[in-house]
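Undergrad: A single structure is presented below for examination.
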Amino acid sequence: MGSKNKLKRFKENETFVNVFQPTREEVVADQFPLKGKWNSDFFKNDHPIVLELGCGKGEYSVGLAERSPDKNFIGIDIKGARFWRGAKTAVENGLHNVAFLRTQIELIEHCFAADEVSEIWITFPDPQIKYKRTKHRMTNAAFLDNYKKILKTNGLMHLKTDSEFMHGYTLGLLHGAGHEVLYANHNIYKNEGAPAEVTGIQTFYESQYLEVNKPITYIQFRIK
């Protein structure tokens, strides 16, 4: 993407009512005004809040919002030029139950209060295969601790990925730490039982993976 296109998208993001871009300093200082107030101050309802971490273009957040008008969805990514597409689609389609937050994933406990989130989706994260990148894997123990801080009791976690490595790493970690694995499948389009929102929504890259018969994996779990 050219720099002019990025700048254009950054500027347009500033006009969208469903996009929030706090500074890192504001977030770290716990001065983000929507923390603990997403339902009352933005969504104006008491519906469950669902996060998509590393939302990319926002396709999954928008797809989930279309399928579940009784829930509120927030796509989170540090790259605003990417989720511009999802934010724009939501505005154009009049979807009022989806928003986008530009921040780093490791800072989400500063953007949401304890028990404010009902579900978290992690869709096609970078598996960070090299050992020295373990600390960046979005399902490592430190990240799971952060997620637990903002999730309601019995809140759901979802991991959907094309990486067999990420799938296996996460399953091993979950079982080893005593977390509750509710469903695990290493090829959701070949085996039965996956929730409808797992197979009913496909990102652009996911559809490309399927064209070359690359398995898509999924885990649903609770953090104990």
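Here, A, B, ... name the chains of the structure tokens in the order displayed, residue numbers run from 1 inside each chain, and ligands are numbered from 1 in the same displayed order.
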Need the shell around Leu7 in chain A: protein/DNA/RNA residues with any atom at most 12 Å away, counting only C-alpha atoms. Skip same-chain ones fewer than 6 positions apart. Format as a list in words?

TA: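 Counting only the stated atoms, we get Met1, Asn13, Glu14, Gly80, Ala81, Arg82 and Trp84 of chain A.
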
Undergrad: Using the selection just defined, write its residues with N, CA, C and O atoms as an mmCIF file, in the first residue's frame.

TA:
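Produced file again_16.cif, reproduced below:
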data_model
loop_
_atom_site.group_PDB
_atom_site.id
_atom_site.type_symbol
_atom_site.label_atom_id
_atom_site.label_comp_id
_atom_site.auth_asym_id
_atom_site.auth_seq_id
_atom_site.Cartn_x
_atom_site.Cartn_y
_atom_site.Cartn_z
ATOM 1 N N MET A 1 0.847 -1.191 0.000
ATOM 2 C CA MET A 1 0.000 0.000 0.000
ATOM 3 C C MET A 1 0.886 1.247 0.000
ATOM 4 O O MET A 1 1.804 1.350 0.803
ATOM 5 N N ASN A 13 -10.211 7.551 8.833
ATOM 6 C CA ASN A 13 -10.482 6.920 10.130
ATOM 7 C C ASN A 13 -10.887 7.956 11.176
ATOM 8 O O ASN A 13 -11.721 7.691 12.045
ATOM 9 N N GLU A 14 -10.286 9.128 11.091
ATOM 10 C CA GLU A 14 -10.568 10.187 12.060
ATOM 11 C C GLU A 14 -12.005 10.693 11.967
ATOM 12 O O GLU A 14 -12.521 11.284 12.915
ATOM 13 N N GLY A 80 -4.029 1.021 11.790
ATOM 14 C CA GLY A 80 -5.298 1.633 11.427
ATOM 15 C C GLY A 80 -5.596 1.600 9.943
ATOM 16 O O GLY A 80 -6.763 1.550 9.534
ATOM 17 N N ALA A 81 -4.560 1.613 9.112
ATOM 18 C CA ALA A 81 -4.790 1.573 7.667
ATOM 19 C C ALA A 81 -5.395 0.243 7.246
ATOM 20 O O ALA A 81 -6.042 0.150 6.197
ATOM 21 N N ARG A 82 -5.204 -0.782 8.061
ATOM 22 C CA ARG A 82 -5.805 -2.084 7.753
ATOM 23 C C ARG A 82 -7.273 -2.107 8.127
ATOM 24 O O ARG A 82 -8.126 -2.438 7.312
ATOM 25 N N TRP A 84 -9.292 0.160 8.505
ATOM 26 C CA TRP A 84 -10.071 1.180 7.789
ATOM 27 C C TRP A 84 -11.172 0.534 6.962
ATOM 28 O O TRP A 84 -12.302 1.017 6.933
#

Undergrad: Skip range 77-79 of chain A itself and residues of its chain fewer than 5 positions away, then list as a compact mmCIF listing (two decimals) with N, CA and C atoms, in the first residue's frame all residues within 6 Å of it, counting only C-alpha atoms.

TA:
# COMPACT_ATOMS: atom_id res chain seq x y z
N GLY A 54 -6.06 -8.38 16.87
CA GLY A 54 -5.33 -8.47 15.62
C GLY A 54 -6.30 -8.61 14.46
N CYS A 55 -7.25 -7.68 14.39
CA CYS A 55 -8.40 -7.83 13.49
C CYS A 55 -8.08 -7.60 12.01
N ARG A 102 -7.59 1.26 17.85
CA ARG A 102 -6.19 1.18 17.44
C ARG A 102 -5.30 1.24 18.68
N THR A 103 -4.78 0.09 19.04
CA THR A 103 -3.85 0.01 20.17
C THR A 103 -3.11 -1.30 20.09
N GLN A 104 -2.12 -1.48 20.95
CA GLN A 104 -1.37 -2.73 21.01
C GLN A 104 -2.10 -3.74 21.88

Undergrad: Among range 4-189 of chain A, which residues does DSSP mark as helix (DSSP H, G or I) when it is run on the backbone? Keep the chain and numbering as in the structure and answer as a PyMOL selection string.

TA: chain A and resi 4-13+24-28+38-43+59-67+80-92+105-110+131-136+141-150+164-177

Undergrad: Mind checking which residues fall within 12 Å of Ala196 in chain A, counting only C-alpha atoms, ignoring those fewer than 5 positions away in the same chain, and posting them as a PDB file with all heavy atoms, in the first residue's frame?

TA:
ATOM      1  N   GLY A  63     -18.258  -9.368  10.040  1.00  0.00           N
ATOM      2  CA  GLY A  63     -19.049 -10.573   9.792  1.00  0.00           C
ATOM      3  C   GLY A  63     -19.776 -11.046  11.037  1.00  0.00           C
ATOM      4  O   GLY A  63     -20.955 -11.427  10.981  1.00  0.00           O
ATOM      5  N   LEU A  64     -19.100 -11.017  12.180  1.00  0.00           N
ATOM      6  CA  LEU A  64     -19.729 -11.406  13.437  1.00  0.00           C
ATOM      7  C   LEU A  64     -20.848 -10.438  13.810  1.00  0.00           C
ATOM      8  O   LEU A  64     -21.912 -10.851  14.289  1.00  0.00           O
ATOM      9  CB  LEU A  64     -18.689 -11.461  14.553  1.00  0.00           C
ATOM     10  CG  LEU A  64     -17.685 -12.613  14.502  1.00  0.00           C
ATOM     11  CD1 LEU A  64     -16.549 -12.380  15.501  1.00  0.00           C
ATOM     12  CD2 LEU A  64     -18.359 -13.953  14.798  1.00  0.00           C
ATOM     13  N   ARG A  67     -23.947 -11.154  11.882  1.00  0.00           N
ATOM     14  CA  ARG A  67     -24.610 -12.393  12.297  1.00  0.00           C
ATOM     15  C   ARG A  67     -25.267 -12.266  13.666  1.00  0.00           C
ATOM     16  O   ARG A  67     -26.246 -12.967  13.949  1.00  0.00           O
ATOM     17  CB  ARG A  67     -23.604 -13.549  12.341  1.00  0.00           C
ATOM     18  CG  ARG A  67     -23.051 -13.966  10.990  1.00  0.00           C
ATOM     19  CD  ARG A  67     -22.031 -15.084  11.164  1.00  0.00           C
ATOM     20  NE  ARG A  67     -22.676 -16.314  11.588  1.00  0.00           N
ATOM     21  CZ  ARG A  67     -23.064 -17.284  10.760  1.00  0.00           C
ATOM     22  NH1 ARG A  67     -22.875 -17.154   9.455  1.00  0.00           N
ATOM     23  NH2 ARG A  67     -23.643 -18.377  11.219  1.00  0.00           N
ATOM     24  N   SER A  68     -24.722 -11.405  14.519  1.00  0.00           N
ATOM     25  CA  SER A  68     -25.187 -11.347  15.915  1.00  0.00           C
ATOM     26  C   SER A  68     -25.496  -9.913  16.336  1.00  0.00           C
ATOM     27  O   SER A  68     -24.693  -9.268  17.036  1.00  0.00           O
ATOM     28  CB  SER A  68     -24.129 -11.952  16.849  1.00  0.00           C
ATOM     29  OG  SER A  68     -23.851 -13.283  16.514  1.00  0.00           O
ATOM     30  N   ILE A 188     -11.521 -27.623  10.342  1.00  0.00           N
ATOM     31  CA  ILE A 188     -12.940 -27.358  10.605  1.00  0.00           C
ATOM     32  C   ILE A 188     -13.838 -27.528   9.392  1.00  0.00           C
ATOM     33  O   ILE A 188     -15.044 -27.724   9.533  1.00  0.00           O
ATOM     34  CB  ILE A 188     -13.140 -25.932  11.175  1.00  0.00           C
ATOM     35  CG1 ILE A 188     -12.559 -24.884  10.221  1.00  0.00           C
ATOM     36  CG2 ILE A 188     -12.540 -25.827  12.556  1.00  0.00           C
ATOM     37  CD1 ILE A 188     -12.882 -23.468  10.622  1.00  0.00           C
ATOM     38  N   TYR A 189     -13.274 -27.471   8.188  1.00  0.00           N
ATOM     39  CA  TYR A 189     -14.106 -27.615   7.001  1.00  0.00           C
ATOM     40  C   TYR A 189     -14.227 -29.070   6.541  1.00  0.00           C
ATOM     41  O   TYR A 189     -14.961 -29.360   5.606  1.00  0.00           O
ATOM     42  CB  TYR A 189     -13.571 -26.739   5.866  1.00  0.00           C
ATOM     43  CG  TYR A 189     -13.724 -25.265   6.156  1.00  0.00           C
ATOM     44  CD1 TYR A 189     -12.646 -24.509   6.609  1.00  0.00           C
ATOM     45  CD2 TYR A 189     -14.954 -24.622   6.015  1.00  0.00           C
ATOM     46  CE1 TYR A 189     -12.780 -23.159   6.902  1.00  0.00           C
ATOM     47  CE2 TYR A 189     -15.101 -23.272   6.306  1.00  0.00           C
ATOM     48  CZ  TYR A 189     -14.013 -22.546   6.745  1.00  0.00           C
ATOM     49  OH  TYR A 189     -14.154 -21.212   7.037  1.00  0.00           O
ATOM     50  N   ILE A 201     -18.008 -17.505   8.367  1.00  0.00           N
ATOM     51  CA  ILE A 201     -17.312 -16.255   8.059  1.00  0.00           C
ATOM     52  C   ILE A 201     -15.904 -16.593   7.591  1.00  0.00           C
ATOM     53  O   ILE A 201     -15.200 -17.360   8.252  1.00  0.00           O
ATOM     54  CB  ILE A 201     -17.237 -15.329   9.293  1.00  0.00           C
ATOM     55  CG1 ILE A 201     -18.641 -15.032   9.834  1.00  0.00           C
ATOM     56  CG2 ILE A 201     -16.516 -14.026   8.948  1.00  0.00           C
ATOM     57  CD1 ILE A 201     -18.639 -14.291  11.162  1.00  0.00           C
ATOM     58  N   GLN A 202     -15.520 -16.042   6.461  1.00  0.00           N
ATOM     59  CA  GLN A 202     -14.182 -16.294   5.928  1.00  0.00           C
ATOM     60  C   GLN A 202     -13.510 -14.971   5.572  1.00  0.00           C
ATOM     61  O   GLN A 202     -14.118 -14.127   4.926  1.00  0.00           O
ATOM     62  CB  GLN A 202     -14.245 -17.180   4.682  1.00  0.00           C
ATOM     63  CG  GLN A 202     -14.718 -18.591   4.946  1.00  0.00           C
ATOM     64  CD  GLN A 202     -14.835 -19.412   3.672  1.00  0.00           C
ATOM     65  OE1 GLN A 202     -14.384 -18.994   2.614  1.00  0.00           O
ATOM     66  NE2 GLN A 202     -15.429 -20.584   3.783  1.00  0.00           N
TER      67      GLN A 202
END

Undergrad: Enumerate, in order of chain and increasing residue number, the residues of range 107-170 of chain A with an atom no farther than 12 Å from range 19-32 of chain A, each with its shortest atom pair and distance in Å to one decimal, counting only C-alpha atoms, as CSV.

TA:
residue,atom,partner,partner_atom,distance
A:Leu107,CA,A:Val28,CA,7.3
A:Ile108,CA,A:Val27,CA,8.7
A:Glu109,CA,A:Asp30,CA,9.3
A:His110,CA,A:Asp30,CA,5.6
A:Cys111,CA,A:Phe32,CA,6.3
A:Phe112,CA,A:Phe32,CA,9.0
A:Ala113,CA,A:Asp30,CA,10.3

Undergrad: Based on the selection just made, write C-alpha atoms of those residues as an mmCIF file, in the first residue's frame.

TA:
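To be explicit, this is the file written out as part_20.cif:
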data_model
loop_
_atom_site.group_PDB
_atom_site.id
_atom_site.type_symbol
_atom_site.label_atom_id
_atom_site.label_comp_id
_atom_site.auth_asym_id
_atom_site.auth_seq_id
_atom_site.Cartn_x
_atom_site.Cartn_y
_atom_site.Cartn_z
ATOM 1 C CA LEU A 107 -2.356 -2.902 26.457
ATOM 2 C CA ILE A 108 -5.959 -4.122 26.332
ATOM 3 C CA GLU A 109 -6.278 -4.353 30.116
ATOM 4 C CA HIS A 110 -5.927 -0.549 30.068
ATOM 5 C CA CYS A 111 -8.780 -0.226 27.548
ATOM 6 C CA PHE A 112 -11.325 -2.526 29.207
ATOM 7 C CA ALA A 113 -12.363 -2.960 32.816
#

Undergrad: Tell me which of A:Asp41, A:Glu119, A:Glu192, A:Asp162 sits closest to Tyr209 in chain A, counting only C-alpha atoms.

TA: A:Asp162

Undergrad: Near Asn72 in chain A, counting only C-alpha atoms, which residues have an atom at most 9 Å away, once you skip same-chain residues fewer than 6 positions from it, shown as a CSV table (one decimal) with N, CA, C and O atoms, in the first residue's frame?

TA:
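Wrote around_34.csv, looks like this:
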chain,number,residue,atom,x,y,z
A,39,ASN,N,-20.3,-0.1,27.0
A,39,ASN,CA,-21.7,-0.3,26.8
A,39,ASN,C,-22.5,1.0,27.0
A,39,ASN,O,-23.4,1.4,26.2
A,43,PHE,N,-21.9,2.0,22.8
A,43,PHE,CA,-22.9,1.1,22.2
A,43,PHE,C,-24.3,1.5,22.7
A,43,PHE,O,-25.3,1.2,22.0
A,45,ASN,N,-26.1,0.2,25.0
A,45,ASN,CA,-26.9,-0.9,25.4
A,45,ASN,C,-26.2,-1.8,26.4
A,45,ASN,O,-25.0,-1.5,26.7
A,46,ASP,N,-26.8,-2.9,26.8
A,46,ASP,CA,-26.1,-3.8,27.8
A,46,ASP,C,-25.7,-5.1,27.1
A,46,ASP,O,-25.6,-6.1,27.8
A,47,HIS,N,-25.6,-5.2,25.8
A,47,HIS,CA,-25.3,-6.4,25.1
A,47,HIS,C,-23.9,-6.9,25.4
A,47,HIS,O,-23.0,-6.0,25.7
A,48,PRO,N,-23.6,-8.2,25.3
A,48,PRO,CA,-22.2,-8.7,25.6
A,48,PRO,C,-21.2,-8.1,24.6
A,48,PRO,O,-21.5,-7.8,23.5
A,49,ILE,N,-20.0,-7.8,25.1
A,49,ILE,CA,-18.9,-7.3,24.3
A,49,ILE,C,-18.0,-8.4,23.9
A,49,ILE,O,-17.5,-9.2,24.7
A,50,VAL,N,-17.7,-8.4,22.6
A,50,VAL,CA,-16.8,-9.4,22.0
A,50,VAL,C,-15.7,-8.7,21.3
A,50,VAL,O,-15.9,-7.8,20.5
A,51,LEU,N,-14.4,-9.1,21.6
A,51,LEU,CA,-13.2,-8.5,21.0
A,51,LEU,C,-12.7,-9.4,19.9
A,51,LEU,O,-12.7,-10.7,20.0
A,65,ALA,N,-20.6,-9.1,13.6
A,65,ALA,CA,-21.6,-8.1,13.9
A,65,ALA,C,-22.9,-8.3,13.1
A,65,ALA,O,-24.0,-8.1,13.6
A,96,HIS,N,-24.3,-0.7,13.8
A,96,HIS,CA,-24.0,0.1,15.0
A,96,HIS,C,-23.4,-0.7,16.2
A,96,HIS,O,-23.1,-0.2,17.3
A,97,ASN,N,-23.3,-2.0,15.9
A,97,ASN,CA,-22.8,-2.9,17.0
A,97,ASN,C,-21.3,-3.4,16.8
A,97,ASN,O,-20.9,-4.4,17.3
A,98,VAL,N,-20.6,-2.5,16.0
A,98,VAL,CA,-19.2,-2.9,15.8
A,98,VAL,C,-18.3,-1.6,15.8
A,98,VAL,O,-18.7,-0.6,15.3
A,99,ALA,N,-17.2,-1.7,16.5
A,99,ALA,CA,-16.2,-0.5,16.6
A,99,ALA,C,-14.8,-1.1,16.4
A,99,ALA,O,-14.6,-2.3,16.4

Undergrad: For Ser61 in chain A, which of A:Tyr131, A:Phe221, A:Phe83, A:Phe73 is the closest residue, counting only C-alpha atoms?

TA: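 Between A:Tyr131, A:Phe221, A:Phe83, A:Phe73, the residue approaching Ser61 in chain A most closely is A:Phe73.
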